[in-house]
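Shown next: input_12.txt, given as compact mmCIF, C-alpha atoms.
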# COMPACT_ATOMS: atom_id res chain seq x y z
CA MET A 25 -2.24 6.40 -13.40
CA HIS A 26 -4.77 3.85 -14.53
CA PRO A 27 -6.27 4.36 -17.99
CA PHE A 28 -10.01 4.92 -17.97
CA ALA A 29 -10.61 1.45 -19.41
CA SER A 30 -8.65 -0.15 -16.54
CA TYR A 31 -10.61 1.92 -14.02
CA VAL A 32 -13.90 0.67 -15.51
CA LEU A 33 -12.65 -2.94 -15.56
CA ARG A 34 -11.74 -2.76 -11.87
CA ASN A 35 -15.17 -1.35 -11.09
CA TYR A 36 -16.71 -4.23 -13.03
CA TYR A 37 -14.76 -6.79 -10.97
CA LYS A 38 -15.84 -5.04 -7.78
CA ALA A 39 -19.49 -4.90 -8.84
CA THR A 40 -19.55 -8.61 -9.76
CA GLY A 41 -17.64 -9.72 -6.64
CA TRP A 42 -14.53 -11.01 -8.41
CA ASN A 43 -11.20 -10.84 -6.58
CA GLU A 44 -8.54 -9.95 -9.16
CA ASP A 45 -5.83 -9.83 -6.47
CA ASN A 46 -5.98 -13.59 -5.84
CA LEU A 47 -3.97 -14.43 -8.97
CA PHE A 48 -0.40 -15.65 -9.38
CA THR A 49 0.03 -12.97 -12.05
CA ASN A 50 -0.46 -10.28 -9.39
CA LEU A 51 1.81 -11.87 -6.80
CA THR A 52 4.30 -8.95 -6.85
CA ARG A 53 1.81 -6.15 -7.46
CA SER A 54 2.66 -4.32 -4.21
CA SER A 55 6.37 -3.94 -4.97
CA ASP A 56 5.80 -3.38 -8.70
CA ALA A 57 3.71 -0.30 -7.89
CA ILE A 58 6.82 1.36 -6.42
CA LEU A 59 9.68 -0.18 -8.41
CA ASP A 60 8.13 -0.61 -11.87
CA PHE A 61 5.83 2.38 -12.25
CA ALA A 62 5.31 3.62 -15.80
CA VAL A 63 6.45 7.11 -16.75
CA PRO A 64 4.52 8.88 -19.53
CA LYS A 65 6.49 9.58 -22.69
CA GLY A 66 5.66 12.67 -24.68
CA LEU A 67 2.33 14.44 -24.31
CA HIS A 68 -0.76 12.28 -23.85
CA LEU A 69 -4.37 13.50 -23.51
CA SER A 70 -7.42 11.35 -22.83
CA ILE A 71 -11.10 12.30 -22.53
CA SER A 72 -13.81 9.85 -21.48
CA LYS A 73 -17.54 9.99 -20.95
CA SER A 74 -20.11 7.82 -19.15
CA PRO A 75 -23.52 8.76 -20.57
CA ASN A 76 -25.17 6.03 -18.49
CA ALA A 77 -24.30 3.22 -16.09
CA LEU A 78 -23.81 0.64 -18.87
CA PHE A 79 -22.05 2.43 -21.73
CA LYS A 80 -18.74 4.34 -21.74
CA THR A 81 -16.66 6.06 -24.40
CA THR A 82 -13.02 7.08 -24.29
CA TYR A 83 -10.79 9.08 -26.64
CA SER A 84 -7.04 9.63 -26.45
CA MET A 85 -4.41 11.52 -28.39
CA ASN A 86 -0.60 11.51 -28.35
CA ALA A 87 0.86 14.82 -29.50
CA MET A 88 4.54 14.00 -28.96
CA PRO A 89 6.79 12.56 -30.27
CA SER A 90 4.31 11.59 -33.02
CA LEU A 91 0.68 12.49 -33.57
CA ASN A 92 -1.76 9.59 -33.20
CA GLY A 93 -4.91 8.75 -31.30
CA SER A 94 -7.52 6.16 -30.47
CA VAL A 95 -11.22 5.78 -29.75
CA GLY A 96 -12.73 3.14 -27.47
CA TYR A 97 -16.10 1.89 -26.29
CA ILE A 98 -17.06 -0.10 -23.19
CA PHE A 99 -20.34 -1.86 -22.46
CA THR A 100 -21.27 -3.83 -19.35
CA SER A 101 -24.31 -5.90 -18.43
CA CYS A 102 -24.45 -4.48 -14.90
CA ASP A 103 -24.62 -0.93 -13.61
CA LEU A 104 -21.25 0.53 -12.61
CA ASN A 105 -20.74 3.43 -10.25
CA VAL A 106 -18.16 5.30 -12.33
CA LYS A 107 -17.21 8.70 -10.95
CA SER A 108 -15.91 11.74 -12.79
CA SER A 109 -12.22 12.70 -12.68
CA GLY A 110 -13.01 15.50 -10.24
CA ASP A 111 -14.91 13.28 -7.78
CA VAL A 112 -13.23 9.89 -8.11
CA ARG A 113 -11.24 8.65 -5.14
CA PHE A 114 -7.69 9.52 -6.10
CA LYS A 115 -6.20 6.25 -4.84
CA ASP A 116 -8.54 4.28 -7.09
CA MET A 117 -6.75 5.79 -10.10
CA ILE A 118 -3.21 5.07 -8.89
CA GLU A 119 -1.29 1.81 -8.88
CA ARG A 120 0.00 2.01 -5.32
CA PHE A 121 1.51 -0.03 -2.55
CA ARG A 122 -1.06 -1.80 -0.46
CA VAL A 123 -1.55 -4.94 1.56
CA TYR A 124 -4.47 -6.67 -0.09
CA ASP A 125 -7.47 -8.01 1.77
CA GLN A 126 -7.65 -11.54 3.07
CA PRO A 127 -8.49 -14.00 0.25
CA ARG A 128 -12.16 -14.79 -0.02
CA ARG A 129 -14.37 -17.04 -2.09
CA PRO A 130 -16.05 -15.03 -4.88
CA GLN A 131 -19.75 -14.43 -4.44
CA GLY A 132 -21.87 -15.20 -7.46
CA LYS A 133 -24.89 -13.31 -8.71
CA GLY A 134 -28.15 -14.12 -6.96
CA GLU A 135 -30.90 -15.98 -8.74
CA GLU A 136 -33.69 -13.92 -10.30
CA TRP A 137 -37.11 -15.45 -10.97
CA LEU A 138 -40.04 -14.11 -12.96
CA ALA A 139 -43.36 -15.96 -13.24
CA GLY A 140 -41.74 -19.18 -12.06
CA GLU A 141 -38.86 -18.97 -14.56
CA ARG A 142 -35.27 -18.10 -13.86
CA VAL A 143 -34.38 -14.92 -15.77
CA ASP A 144 -30.96 -13.95 -14.37
CA THR A 145 -28.13 -13.78 -16.90
CA ARG A 146 -24.35 -13.89 -16.77
CA ASP A 147 -22.51 -10.62 -16.21
CA TYR A 148 -20.15 -9.55 -18.95
CA LEU A 149 -17.99 -6.65 -20.16
CA MET A 150 -17.13 -5.80 -23.75
CA TYR A 151 -14.36 -3.38 -24.71
CA GLY A 152 -12.96 -2.28 -28.04
CA ARG A 153 -10.39 0.33 -29.08
CA LEU A 154 -9.33 1.48 -32.56
CA TYR A 155 -5.98 3.22 -33.03
CA ILE A 156 -5.59 5.93 -35.65
CA PRO A 157 -3.90 6.01 -38.14
CA THR A 158 -2.32 2.54 -37.74
CA GLY A 159 -5.69 0.75 -37.79
CA ARG A 160 -4.81 -1.48 -34.83
CA LEU A 161 -7.83 -2.90 -33.04
CA ASP A 162 -7.88 -4.16 -29.43
CA ALA A 163 -10.82 -6.12 -28.04
CA LEU A 164 -11.68 -7.64 -24.67
CA TYR A 165 -14.60 -9.77 -23.53
CA SER A 166 -14.95 -10.87 -19.91
CA THR A 167 -17.82 -12.92 -18.49
CA ARG A 168 -18.69 -14.79 -15.29
CA LEU A 169 -19.42 -18.41 -16.16
CA SER A 170 -20.27 -19.29 -12.56
CA SER A 171 -19.76 -17.94 -9.05
CA ASN A 172 -16.09 -19.01 -9.01
CA LEU A 173 -15.30 -19.24 -12.73
CA GLN A 174 -14.50 -16.38 -15.10
CA GLY A 175 -13.57 -16.39 -18.77
CA ILE A 176 -11.62 -13.69 -20.62
CA LEU A 177 -11.10 -13.36 -24.36
CA ALA A 178 -8.63 -10.76 -25.64
CA ALA A 179 -7.70 -10.05 -29.24
CA ILE A 180 -5.26 -7.78 -31.08
CA SER A 181 -5.54 -7.06 -34.78
CA ASP A 182 -2.63 -5.01 -36.09
CA PRO A 183 -2.40 -5.07 -39.90
CA PRO A 184 1.08 -4.51 -41.36
CA SER A 185 1.68 -1.04 -42.69
CA PRO A 186 3.16 -0.56 -46.21
CA LEU A 187 5.25 2.30 -44.82
CA SER A 188 6.73 0.21 -42.03
CA ALA A 189 8.75 -2.98 -41.91
CA ARG A 190 7.14 -4.19 -38.67
CA ALA A 191 5.63 -7.66 -38.69
CA ASN A 192 2.01 -8.53 -38.06
CA VAL A 193 1.47 -8.80 -34.31
CA SER A 194 -2.17 -9.93 -34.35
CA ASN A 195 -2.99 -12.33 -31.56
CA LEU A 196 -5.84 -14.07 -29.76
CA MET A 197 -5.60 -14.86 -26.05
CA LEU A 198 -7.88 -16.96 -23.88
CA SER A 199 -7.94 -17.10 -20.09
CA LEU A 200 -10.04 -19.21 -17.73
CA GLN A 201 -9.81 -18.29 -14.05
CA HIS A 202 -11.08 -20.56 -11.28
CA ASP A 203 -11.07 -19.02 -7.80
CA VAL A 204 -12.29 -20.76 -4.64
CA GLY A 205 -10.53 -18.44 -2.18
CA LYS A 206 -8.04 -20.96 -0.84
CA TRP A 207 -6.89 -21.82 -4.35
CA CYS A 208 -6.91 -19.84 -7.57
CA THR A 209 -6.02 -21.46 -10.89
CA GLU A 210 -5.68 -19.74 -14.26
CA TYR A 211 -5.49 -21.52 -17.63
CA THR A 212 -4.19 -19.46 -20.56
CA TYR A 213 -3.69 -19.86 -24.30
CA SER A 214 -2.01 -17.56 -26.82
CA ALA A 215 -2.63 -18.22 -30.51
CA GLU A 216 0.38 -16.27 -31.78
CA ASP A 217 2.95 -18.80 -30.56
CA SER A 218 0.51 -21.59 -29.57
CA MET A 219 1.48 -21.18 -25.92
CA TRP A 220 -0.46 -23.00 -23.21
CA GLY A 221 -0.04 -22.07 -19.58
CA ILE A 222 -1.27 -23.00 -16.11
CA LYS A 223 -0.90 -20.71 -13.11
CA ALA A 224 -1.86 -21.65 -9.56
CA LEU A 225 -1.82 -19.77 -6.26
CA HIS A 226 -2.43 -21.30 -2.83
CA ASN A 227 -3.21 -19.26 0.29
CA PHE A 228 -2.22 -20.83 3.58
CA GLY A 229 -4.37 -20.36 6.65
CA ARG A 230 -8.01 -19.37 6.82
CA ILE A 231 -9.78 -17.28 4.22
CA ALA A 232 -12.28 -14.49 4.75
CA GLY A 233 -15.80 -15.69 5.41
CA SER A 234 -14.81 -19.04 6.88
CA GLY A 235 -16.56 -20.16 10.00
CA ASN A 236 -13.37 -20.29 12.07
CA ALA A 237 -11.94 -16.97 10.89
CA ALA A 238 -13.07 -15.10 13.98
CA GLU A 239 -11.85 -17.84 16.34
CA SER A 240 -8.22 -17.02 15.52
CA LEU A 241 -8.60 -13.66 17.29
CA GLN A 242 -10.33 -15.09 20.35
CA THR A 243 -8.53 -16.12 23.51
CA PRO A 244 -7.59 -19.77 23.89
CA THR A 245 -8.87 -19.89 27.46
CA GLN A 246 -11.72 -18.16 29.22
CA VAL A 247 -10.23 -18.50 32.67
CA GLY A 248 -7.34 -16.26 33.67
CA VAL A 249 -5.34 -19.17 35.14
CA LYS A 250 -2.07 -20.08 33.48
CA ARG A 251 -1.27 -23.78 33.08
CA ILE A 252 1.99 -25.17 34.38
CA ASP A 253 3.07 -26.33 30.91
CA GLU A 254 1.96 -23.09 29.19
CA GLU A 255 4.73 -20.91 27.79
CA ASP A 256 4.71 -17.14 27.76
CA ALA A 257 3.52 -15.45 24.58
CA VAL A 258 6.33 -14.33 22.32
CA GLU A 259 5.90 -10.68 21.40
CA GLY A 260 7.33 -8.94 18.36
CA GLY A 261 7.80 -10.08 14.79
CA LEU A 262 5.49 -9.79 11.83
CA LYS A 263 2.18 -11.62 11.85
CA GLY A 264 0.49 -12.31 8.57
CA ARG A 265 -0.39 -14.84 5.91
CA LEU A 266 1.59 -16.82 3.35
CA SER A 267 0.81 -17.50 -0.30
CA ALA A 268 2.73 -19.68 -2.75
CA GLY A 269 2.23 -20.34 -6.43
CA ALA A 270 3.75 -21.57 -9.67
CA GLU A 271 3.41 -21.18 -13.42
CA ILE A 272 4.01 -23.73 -16.16
CA TYR A 273 3.86 -22.85 -19.85
CA PHE A 274 4.58 -24.63 -23.12
CA SER A 275 4.85 -23.28 -26.66
CA ALA A 276 3.95 -25.76 -29.37
CA LYS A 277 5.22 -23.43 -32.09
CA GLU A 278 8.61 -22.72 -30.53
CA LYS A 279 8.94 -26.23 -29.00
CA SER A 280 9.92 -24.67 -25.67
CA ALA A 281 8.65 -24.71 -22.10
CA GLY A 282 9.19 -22.88 -18.87
CA VAL A 283 8.34 -22.85 -15.21
CA SER A 284 8.28 -20.16 -12.54
CA THR A 285 7.60 -20.29 -8.80
CA GLY A 286 6.87 -17.60 -6.25
CA ILE A 287 6.03 -17.00 -2.61
CA ARG A 288 4.54 -14.00 -0.82
CA PHE A 289 4.19 -12.99 2.81
CA SER A 290 1.73 -10.22 3.71
CA THR A 291 1.05 -8.81 7.13
CA ILE A 292 -2.37 -8.57 8.69
CA PRO A 293 -2.55 -4.98 9.98
CA ASP A 294 -5.22 -5.69 12.59
CA ALA A 295 -3.65 -8.88 13.99
CA LYS A 296 -3.40 -8.85 17.78
CA PRO A 297 -2.04 -11.82 19.75
CA PRO A 298 -4.13 -13.26 22.61
CA SER A 299 -2.99 -12.70 26.15
CA ALA A 300 -1.26 -15.60 27.82
CA GLY A 301 -2.83 -15.04 31.20
CA GLY A 302 -6.43 -14.02 30.66
CA SER A 303 -9.36 -13.54 28.36
CA THR A 304 -8.43 -10.04 27.17
CA LEU A 305 -6.44 -9.21 24.07
CA VAL A 306 -3.05 -7.58 24.28
CA THR A 307 -3.19 -4.11 22.80
CA ASN A 308 0.01 -3.64 20.82
CA PRO A 309 0.87 -0.90 18.34
CA PRO A 310 -0.24 -2.01 14.85
CA GLN A 311 2.51 -3.59 12.81
CA PRO A 312 3.60 -1.79 9.64
CA PRO A 313 1.89 -3.09 6.47
CA THR A 314 4.57 -5.24 4.85
CA THR A 315 4.84 -7.47 1.81
CA ILE A 316 7.77 -9.82 1.10
CA THR A 317 7.96 -11.70 -2.21
CA ALA A 318 10.40 -14.10 -3.86
CA LEU A 319 10.37 -15.41 -7.43
CA PHE A 320 12.52 -18.09 -9.05
CA ASN A 321 12.67 -19.28 -12.66
CA PRO A 322 14.91 -22.38 -12.69
CA MET A 323 15.16 -22.60 -16.49
CA LEU A 324 16.34 -19.01 -16.92
CA GLY A 325 18.16 -18.98 -13.60
CA HIS A 326 16.47 -15.76 -12.53
CA LEU A 327 16.02 -15.14 -8.81
CA SER A 328 14.22 -12.09 -7.43
CA GLY A 329 13.38 -10.98 -3.90
CA ALA A 330 11.48 -7.85 -2.86
CA TYR A 331 10.66 -6.21 0.48
CA SER A 332 8.04 -3.46 0.71
CA ALA A 333 6.60 -1.70 3.74
CA ARG A 334 4.67 1.41 4.69
CA VAL A 335 6.89 3.07 7.28
CA SER A 336 4.51 5.94 8.00
CA THR A 337 1.05 7.12 7.04
CA ASP A 338 2.24 8.72 3.80
CA LEU A 339 5.54 6.95 3.03
CA ALA A 340 6.13 3.47 1.61
CA LEU A 341 9.55 2.04 0.76
CA SER A 342 10.50 -0.93 -1.38
CA SER A 343 13.69 -2.73 -2.34
CA ARG A 344 14.33 -5.57 -4.79
CA PHE A 345 17.35 -7.67 -5.65
CA ASP A 346 17.55 -9.58 -8.95
CA PHE A 347 20.20 -12.21 -9.57
CA ASN A 348 20.91 -14.72 -12.33
CA VAL A 349 22.53 -17.93 -11.13
CA TYR A 350 23.95 -18.70 -14.60
CA SER A 351 25.48 -15.38 -15.66
CA TYR A 352 25.98 -13.97 -12.12
CA GLU A 353 24.45 -10.69 -13.26
CA SER A 354 22.64 -8.80 -10.54
CA GLU A 355 20.65 -5.61 -10.05
CA TRP A 356 19.46 -3.83 -6.94
CA THR A 357 16.48 -1.50 -7.19
CA MET A 358 15.03 0.70 -4.48
CA GLY A 359 12.07 3.04 -4.56
CA ALA A 360 9.75 5.20 -2.49
CA GLU A 361 6.15 6.35 -2.62
CA TYR A 362 5.14 9.53 -0.78
CA TRP A 363 1.61 10.92 -0.57
CA LEU A 364 1.05 14.68 -0.57
CA ARG A 365 -1.82 16.11 1.45
CA ARG A 366 -3.60 19.41 1.85
CA GLU A 367 -3.64 21.21 5.16
CA ASP A 368 -7.23 22.43 5.29
CA ASP A 369 -9.65 19.74 4.11
CA LEU A 370 -11.35 16.72 5.53
CA ASP A 371 -9.85 13.54 4.18
CA GLY A 372 -12.08 10.94 2.64
CA GLU A 373 -9.11 8.79 1.58
CA LEU A 374 -7.47 7.89 4.88
CA LEU A 375 -5.43 4.77 5.44
CA SER A 376 -7.33 2.50 7.80
CA SER A 377 -4.09 1.12 9.21
CA SER A 378 -3.01 4.58 10.38
CA VAL A 379 -5.84 4.83 12.93
CA THR A 380 -4.61 3.79 16.36
CA PRO A 381 -6.17 4.16 19.83
CA ALA A 382 -3.37 6.48 20.90
CA SER A 383 -3.46 8.76 17.88
CA LYS A 384 -6.11 10.56 15.90
CA PRO A 385 -6.43 10.11 12.15
CA SER A 386 -5.04 12.76 9.89
CA LYS A 387 -7.67 15.20 8.56
CA LYS A 388 -5.89 16.12 5.34
CA ARG A 389 -7.08 15.40 1.85
CA ILE A 390 -4.69 13.69 -0.55
CA ARG A 391 -3.66 15.97 -3.39
CA GLY A 392 -0.98 13.89 -5.09
CA VAL A 393 1.72 11.25 -4.89
CA VAL A 394 5.43 11.28 -5.70
CA LYS A 395 7.24 8.11 -6.72
CA ALA A 396 10.96 7.66 -7.22
CA ARG A 397 13.21 4.71 -7.99
CA ALA A 398 16.91 4.11 -8.57
CA SER A 399 18.90 1.02 -9.47
CA THR A 400 22.48 -0.13 -9.77
CA SER A 401 22.08 0.08 -13.55
CA ASN A 402 22.20 3.89 -13.06
CA ASP A 403 18.56 4.37 -14.05
CA VAL A 404 16.65 6.98 -12.04
CA ALA A 405 12.94 7.72 -12.48
CA ILE A 406 10.69 10.28 -10.79
CA LEU A 407 6.92 10.52 -11.19
CA TRP A 408 4.35 12.96 -9.82
CA GLU A 409 0.64 12.28 -10.07
CA GLY A 410 -2.04 14.61 -8.83
CA ARG A 411 -5.30 16.34 -9.51
CA MET A 412 -5.82 19.95 -10.55
CA ARG A 413 -9.48 20.98 -10.45
CA ASN A 414 -11.28 18.27 -12.46
CA MET A 415 -8.29 16.86 -14.33
CA LEU A 416 -5.82 14.13 -13.37
CA ILE A 417 -2.20 14.87 -14.24
CA SER A 418 0.87 12.64 -14.42
CA LEU A 419 4.36 14.07 -14.96
CA GLY A 420 7.59 12.07 -14.97
CA VAL A 421 11.16 11.76 -16.17
CA ILE A 422 13.65 8.88 -16.64
CA ALA A 423 17.38 9.61 -16.46
CA ASP A 424 20.42 7.48 -17.26
CA PHE A 425 23.58 8.33 -15.32
CA SER A 426 25.74 5.54 -16.75
CA SER A 427 28.72 6.15 -18.99
CA HIS A 428 26.50 5.62 -22.03
CA GLY A 429 24.07 8.28 -20.86
CA ARG A 430 26.48 11.12 -20.25
CA VAL A 431 25.83 12.59 -23.66
CA LYS A 432 22.04 12.40 -23.22
CA PRO A 433 21.20 11.80 -19.53
CA ILE A 434 17.44 12.40 -19.96
CA ARG A 435 16.20 9.22 -21.60
CA ALA A 436 12.46 9.94 -21.51
CA MET A 437 10.02 12.45 -20.08
CA GLY A 438 6.37 13.23 -20.55
CA MET A 439 3.05 14.41 -19.22
CA GLU A 440 -0.35 12.76 -19.24
CA LEU A 441 -3.68 14.57 -18.82
CA ALA A 442 -6.91 12.66 -18.15
CA TYR A 443 -10.45 13.97 -17.90
CA PHE A 444 -13.63 11.93 -17.69
CA SER A 445 -17.18 12.71 -16.66
CA SER A 446 -20.24 10.72 -15.68
CA ASP A 447 -23.88 11.69 -15.87
CA ASP A 448 -24.66 9.30 -13.03
CA SER A 449 -22.01 10.55 -10.58
CA GLU A 450 -23.34 12.26 -7.54

Rewrite the coordinates I just gave you, this time as structure tokens.
Amino acid sequence: MHPFASYVLRNYYKATGWNEDNLFTNLTRSSDAILDFAVPKGLHLSISKSPNALFKTTYSMNAMPSLNGSVGYIFTSCDLNVKSSGDVRFKDMIERFRVYDQPRRPQGKGEEWLAGERVDTRDYLMYGRLYIPTGRLDALYSTRLSSNLQGILAAISDPPSPLSARANVSNLMLSLQHDVGKWCTEYTYSAEDSMWGIKALHNFGRIAGSGNAAESLQTPTQVGVKRIDEEDAVEGGLKGRLSAGAEIYFSAKEKSAGVSTGIRFSTIPDAKPPSAGGSTLVTNPPQPPTTITALFNPMLGHLSGAYSARVSTDLALSSRFDFNVYSYESEWTMGAEYWLRREDDLDGELLSSSVTPASKPSKKRIRGVVKARASTSNDVAILWEGRMRNMLISLGVIADFSSHGRVKPIRAMGMELAYFSSDDSE
């Protein structure tokens, strides 16, 4: 599940109108939610509090395998509607498979005037966390520089311990994101290895909010007369949008560079083709939400392709094949995501794509999700996430069934408990 700080950050992006999904970094987020989910290790407990709409505190403790903890503070310039763990929409706390909305141009903050002077300020978020007893300090500062420009500053200060031989991993990272809907470019810098990077993502077709967006769903003709040279409409197949991007990075310290490219196809659940013989739309069963991605790193020779789809209201499946063109090593990973529901409650977390004219929506409240994955490397992982009363719980296990894991097949297992409250939640 998402840490409380990540939940607040996502709420901040939503409140300021920033689209975090339109980034090359998140190109494979749909398949990663099923195939690369994190399993808690040991026993982890976190408690968070929102005394007001601007300030948040969070505390965490790891009891196993070693005892340590952390304390964090979050401050935002704008009011955030942060719910408590008992009232928050469960899907907002889970990294899950989904087909993301159509790309849109970010909307900036409106101008505010007082006595003839402009008094509006830039939105920002400040976050800091101190780990005990190591003394590591994490910091994050995010601000909107303009309606389509955002800057992020992240820092890690981890002083070397006299009782440990680990090296100093302190680092400073800068990120400048420029999003215009059709294009999104991200410029990054890491001080640890003096690495500069540029990431770009291009969305083909129209974007949300464009003047011609609605015309694509209208009929090409208003008269129900078919032309002689007009072909019949081809039914079937997936209808959606295509996105392609690339990443280039260079390390001045290591004197090395790299490049990576990727492409993604996502369906449009509500797409309906126009009729070939009239002005009415053909009513077809909605296509299953599907995401297909492909990544290629020519310098490392790594090639990856993933296919993910929601095959029913509560079940999503994903499969990925990784191959290296230089070493001929390959790995096939498959996973599933299944949502558990109650039988006697009204659901406020329904999937919009599951509502069809011929069927009624399910009236069952989500009470948890089960994720499972397996690969040809003999790794198997199972994760259950749910809510019991006012607490969010995550329980998982990772097993290794290879010849090396016969002595100790259980490689990792753990449980995570999260509770947070808000004085402003209704």

(message) For a quick check of understanding, using only C-alpha atoms, which of A:Pro313, A:Gly175, A:Gly325, A:Pro183 has the smallest distance to Tyr155 in chain A?
(response)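 Between A:Pro313, A:Gly175, A:Gly325, A:Pro183, the residue approaching Tyr155 in chain A most closely is A:Pro183.
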
(message) Between CA of Gly286 in chain A and CA of Asp217 in chain A, what is the distance in Å, rounded to a tenth?
(response)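 It comes out at 24.7 Å.
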
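Across the model, the gap from CA of Ile434 in chain A to CA of Thr357 in chain A is 18.9 Å.
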
(message) What does the structure give for the distance between CA of Phe320 in chain A and CA of Val123 in chain A, in Å to one decimal?
(response) 22.0 Å

(message) From the options A:Phe48, A:Phe61, A:Tyr83, A:Phe345, which residue's atoms come nearest to Phe444 in chain A, counting only C-alpha atoms?
(response)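 Answer, going by the shortest atom-to-atom distance: A:Tyr83.
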
(message) Let me make sure I understand: among A:Glu119, A:Lys223, A:Lys80, A:Met85, which one has the smallest atom-to-atom distance to Leu67 in chain A if we use all atoms listed in the file?
(response)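 Going through A:Glu119, A:Lys223, A:Lys80, A:Met85 one by one, the smallest distance to Leu67 in chain A is for A:Met85.
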
(request) Choose the residue, out of A:Asp111, A:Asp125, A:Asp103, A:Asp56, that has the smallest atom-to-atom separation from Thr291 in chain A; count only C-alpha atoms. (result)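 Going through A:Asp111, A:Asp125, A:Asp103, A:Asp56 one by one, the smallest distance to Thr291 in chain A is for A:Asp125.
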
(request) Find the residue from A:Lys277, A:Ile176, A:Ser336, A:Gly438 that sits nearest to Tyr211 in chain A; use only C-alpha atoms when measuring. (result)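 Closest residue, counting only C-alpha atoms: A:Ile176.
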
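Taking all atoms listed in the file into account, Glu278 in chain A lies nearest to A:Ser218 out of the set A:Ser218, A:Ser328, A:Ser84, A:Ser170.
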
What are the closest atom pairs, with distances in Å to one decimal, for all residues of range 74-156 of chain A lying within 12 Å of range 26-39 of chain A? Consider only C-alpha atoms, order rows by chain and residue number, and present the result as a tab-separated table.
residue	atom	partner	partner_atom	distance
A:Ser74	CA	A:Val32	CA	10.1
A:Ala77	CA	A:Val32	CA	10.7
A:Leu78	CA	A:Tyr36	CA	10.4
A:Phe79	CA	A:Val32	CA	10.4
A:Lys80	CA	A:Val32	CA	8.7
A:Thr81	CA	A:Ala29	CA	9.1
A:Thr82	CA	A:Phe28	CA	7.3
A:Tyr83	CA	A:Phe28	CA	9.6
A:Ser84	CA	A:Pro27	CA	10.0
A:Val95	CA	A:Ala29	CA	11.2
A:Gly96	CA	A:Ala29	CA	8.5
A:Tyr97	CA	A:Ala29	CA	8.8
A:Ile98	CA	A:Ala29	CA	7.6
A:Phe99	CA	A:Val32	CA	9.8
A:Thr100	CA	A:Tyr36	CA	7.8
A:Ser101	CA	A:Tyr36	CA	9.5
A:Cys102	CA	A:Ala39	CA	7.8
A:Asp103	CA	A:Ala39	CA	8.1
A:Leu104	CA	A:Asn35	CA	6.5
A:Asn105	CA	A:Asn35	CA	7.4
A:Val106	CA	A:Val32	CA	7.0
A:Lys107	CA	A:Val32	CA	9.8
A:Ser108	CA	A:Phe28	CA	10.4
A:Ser109	CA	A:Phe28	CA	9.7
A:Val112	CA	A:Tyr31	CA	10.3
A:Arg113	CA	A:Tyr31	CA	11.2
A:Phe114	CA	A:His26	CA	10.6
A:Lys115	CA	A:His26	CA	10.1
A:Asp116	CA	A:Tyr31	CA	7.6
A:Met117	CA	A:His26	CA	5.2
A:Ile118	CA	A:His26	CA	6.0
A:Glu119	CA	A:His26	CA	6.9
A:Arg120	CA	A:His26	CA	10.5
A:Pro130	CA	A:Tyr37	CA	10.3
A:Gln131	CA	A:Ala39	CA	10.5
A:Gly132	CA	A:Ala39	CA	10.7
A:Lys133	CA	A:Ala39	CA	10.0
A:Asp147	CA	A:Tyr36	CA	9.2
A:Tyr148	CA	A:Tyr36	CA	8.7
A:Leu149	CA	A:Tyr36	CA	7.6
A:Met150	CA	A:Leu33	CA	9.8
A:Tyr151	CA	A:Ala29	CA	8.1
A:Gly152	CA	A:Ala29	CA	9.7
A:Arg153	CA	A:Ala29	CA	9.7

(request) Excluding Glu355 in chain A and any residue of its chain fewer than 3 positions from it, enumerate the residues within 12 Å of it, using only C-alpha atoms, and give them as a PyMOL selection string. (result) chain A and resi 326-330+343-348+352+358+398-403
